[in-house]
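Step one of this worksheet: look at the structure below.
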Amino acid sequence: MIKMHTYNNLNYEHNIYSIGKEYEKEKLLHNDLSSITISEKLGKKYHKSGSSIQKYAEFARAVDRIEAKVQGKKELLLSGKFKVLRESIVRISHSSPKNIEQFFKEIELCGEIQAIENFKNQQNIQCVPEVKKTPEYNPNSSVTSLYFTIPSWCKMIDDLLNNANLNNISNETNKKLIDVLNDLDDSIIKLLMKLEGKIKNE
């Protein structure tokens, strides 16, 4: 997994905010360089595209605008507990403090999509909290999932047998593969015994 360098212990929102702020700082320190050059430089550092770095900077500016208008929202947005699309944050950041407060209230009540729609229409619609329905239990779902997954396993194994030189794999990898295949074999035998026993009982 690629680490985020000095920011790898922060949550995702805080990560991209920090990278965006670093981009802004680099622009001030190196005003002789183009925005594209700076974003590409940071992109290599954080294993991101230059366009992503510029979007992170746009997000950071939007968070700062919101915080300047309504204090306390920056901490909320960067906490990782408040999930809102970056595009939504950028859009609402240009609005008035009153609309920003209303936007955050509506998100809590009826979700981001409705809050953005209300914001675009410049309406103060009273939201009804969304009631999430518990999905109906389907006893066949896990079996169906396995039924469609196993053919892909078979194909991978066939490809390995037909195209790979198994003599070249390391002893450690060979042992690990044998272990998991044995585990799989045991699980298959147990499942077959259950299924065949069910057929006999019917």
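As shown in the structure tokens, the chain order sets the letters A, B, ...; within each chain, residues go from 1, and ligands are also counted from 1 in the order they appear.
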
Next item on the list: Return as a PyMOL selection string the full set of residues in segment 10-62 of chain A whose backbone-based DSSP assignment is alpha helix (DSSP H).
Entry: chain A and resi 12-29+35-46+50-62

Note to self: Residues within 10 Å of Phe104 of chain A, please, as a ChimeraX atom specification. Count only C-alpha atoms; anything in the same chain fewer than 2 positions from it doesn't count.
What the structure shows: /A:73,82,84,92,99-102,106-109,111-112,115

Selection to disk with all heavy atoms, as a compact mmCIF listing (two decimals), in the first residue's frame:
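Output (again10.txt):
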```txt
# COMPACT_ATOMS: atom_id res chain seq x y z
N LYS A 73 -16.50 24.55 11.17
CA LYS A 73 -16.83 23.61 10.09
C LYS A 73 -15.59 22.92 9.53
O LYS A 73 -15.67 21.80 9.03
CB LYS A 73 -17.57 24.34 8.96
CG LYS A 73 -18.91 24.94 9.39
CD LYS A 73 -19.82 23.91 10.03
CE LYS A 73 -21.15 24.52 10.43
NZ LYS A 73 -21.98 23.58 11.21
N PHE A 82 -17.60 13.21 8.66
CA PHE A 82 -18.63 13.95 7.92
C PHE A 82 -18.32 13.81 6.44
O PHE A 82 -17.43 14.47 5.91
CB PHE A 82 -18.60 15.42 8.34
CG PHE A 82 -19.83 16.19 7.95
CD1 PHE A 82 -20.97 16.12 8.73
CD2 PHE A 82 -19.84 16.98 6.82
CE1 PHE A 82 -22.10 16.84 8.39
CE2 PHE A 82 -20.97 17.69 6.47
CZ PHE A 82 -22.10 17.63 7.26
N VAL A 84 -18.77 14.29 2.70
CA VAL A 84 -19.37 15.13 1.67
C VAL A 84 -18.42 15.17 0.49
O VAL A 84 -17.20 15.25 0.66
CB VAL A 84 -19.62 16.57 2.19
CG1 VAL A 84 -20.37 17.38 1.15
CG2 VAL A 84 -20.38 16.56 3.49
N ILE A 92 -20.44 25.01 -2.18
CA ILE A 92 -21.09 25.71 -1.07
C ILE A 92 -20.18 26.76 -0.45
O ILE A 92 -20.65 27.71 0.19
CB ILE A 92 -21.55 24.69 0.01
CG1 ILE A 92 -22.56 25.33 0.99
CG2 ILE A 92 -20.37 24.13 0.78
CD1 ILE A 92 -23.86 25.73 0.35
N ASN A 99 -26.42 30.39 4.31
CA ASN A 99 -26.65 29.24 3.44
C ASN A 99 -25.74 28.06 3.79
O ASN A 99 -26.13 26.90 3.66
CB ASN A 99 -26.44 29.63 1.99
CG ASN A 99 -27.59 30.45 1.43
OD1 ASN A 99 -28.67 30.47 2.01
ND2 ASN A 99 -27.37 31.13 0.33
N ILE A 100 -24.53 28.37 4.23
CA ILE A 100 -23.60 27.30 4.62
C ILE A 100 -24.14 26.57 5.85
O ILE A 100 -24.14 25.33 5.91
CB ILE A 100 -22.20 27.87 4.91
CG1 ILE A 100 -21.55 28.35 3.60
CG2 ILE A 100 -21.30 26.82 5.57
CD1 ILE A 100 -20.25 29.07 3.78
N GLU A 101 -24.61 27.34 6.84
CA GLU A 101 -25.20 26.73 8.03
C GLU A 101 -26.40 25.86 7.65
O GLU A 101 -26.55 24.74 8.14
CB GLU A 101 -25.65 27.83 9.00
CG GLU A 101 -24.51 28.52 9.72
CD GLU A 101 -24.04 27.75 10.94
OE1 GLU A 101 -24.29 26.54 11.03
OE2 GLU A 101 -23.40 28.37 11.80
N GLN A 102 -27.25 26.38 6.77
CA GLN A 102 -28.43 25.63 6.33
C GLN A 102 -28.04 24.35 5.60
O GLN A 102 -28.65 23.29 5.78
CB GLN A 102 -29.30 26.51 5.42
CG GLN A 102 -30.59 25.86 4.94
CD GLN A 102 -31.57 25.60 6.06
OE1 GLN A 102 -31.49 26.25 7.12
NE2 GLN A 102 -32.48 24.67 5.85
N GLU A 106 -29.12 20.54 6.65
CA GLU A 106 -29.89 19.69 5.75
C GLU A 106 -29.17 18.39 5.45
O GLU A 106 -29.81 17.35 5.24
CB GLU A 106 -30.20 20.45 4.46
CG GLU A 106 -31.20 21.59 4.68
CD GLU A 106 -31.58 22.28 3.38
OE1 GLU A 106 -30.99 21.96 2.33
OE2 GLU A 106 -32.46 23.15 3.43
N ILE A 107 -27.85 18.42 5.41
CA ILE A 107 -27.09 17.18 5.21
C ILE A 107 -27.38 16.19 6.34
O ILE A 107 -27.58 15.00 6.12
CB ILE A 107 -25.58 17.47 5.12
CG1 ILE A 107 -25.24 18.05 3.75
CG2 ILE A 107 -24.77 16.21 5.36
CD1 ILE A 107 -23.78 18.34 3.56
N GLU A 108 -27.42 16.70 7.56
CA GLU A 108 -27.69 15.83 8.71
C GLU A 108 -29.09 15.25 8.66
O GLU A 108 -29.33 14.13 9.11
CB GLU A 108 -27.49 16.63 10.00
CG GLU A 108 -26.03 17.02 10.25
CD GLU A 108 -25.87 17.84 11.52
OE1 GLU A 108 -26.90 18.11 12.17
OE2 GLU A 108 -24.73 18.20 11.85
N LEU A 109 -30.02 16.02 8.08
CA LEU A 109 -31.41 15.58 8.05
C LEU A 109 -31.74 14.68 6.86
O LEU A 109 -32.38 13.64 7.01
CB LEU A 109 -32.35 16.79 8.02
CG LEU A 109 -32.52 17.55 9.35
CD1 LEU A 109 -33.36 18.79 9.12
CD2 LEU A 109 -33.18 16.65 10.38
N GLY A 111 -29.42 14.19 3.86
CA GLY A 111 -28.35 13.73 3.00
C GLY A 111 -27.85 14.79 2.04
O GLY A 111 -28.48 15.81 1.79
N GLU A 112 -26.67 14.50 1.49
CA GLU A 112 -25.98 15.48 0.66
C GLU A 112 -26.73 15.81 -0.63
O GLU A 112 -26.81 16.96 -1.05
CB GLU A 112 -24.58 14.96 0.33
CG GLU A 112 -23.78 15.91 -0.55
CD GLU A 112 -22.47 15.30 -0.99
OE1 GLU A 112 -22.20 14.14 -0.65
OE2 GLU A 112 -21.72 16.00 -1.69
N ALA A 115 -29.57 18.15 -0.02
CA ALA A 115 -29.04 19.43 0.45
C ALA A 115 -28.48 20.24 -0.71
O ALA A 115 -28.70 21.45 -0.80
CB ALA A 115 -27.97 19.20 1.51
```

Next item on the list: Would you kindly return, as a PyMOL selection string, each protein, DNA or RNA residue with an atom no farther than 12 Å from any atom of Ile16 of chain A, considering only C-alpha atoms and excluding same-chain residues fewer than 6 positions away?
Entry: chain A and resi 4+7-8+10+22-23+42-43+46+48+52-61+63+77-78+80+86
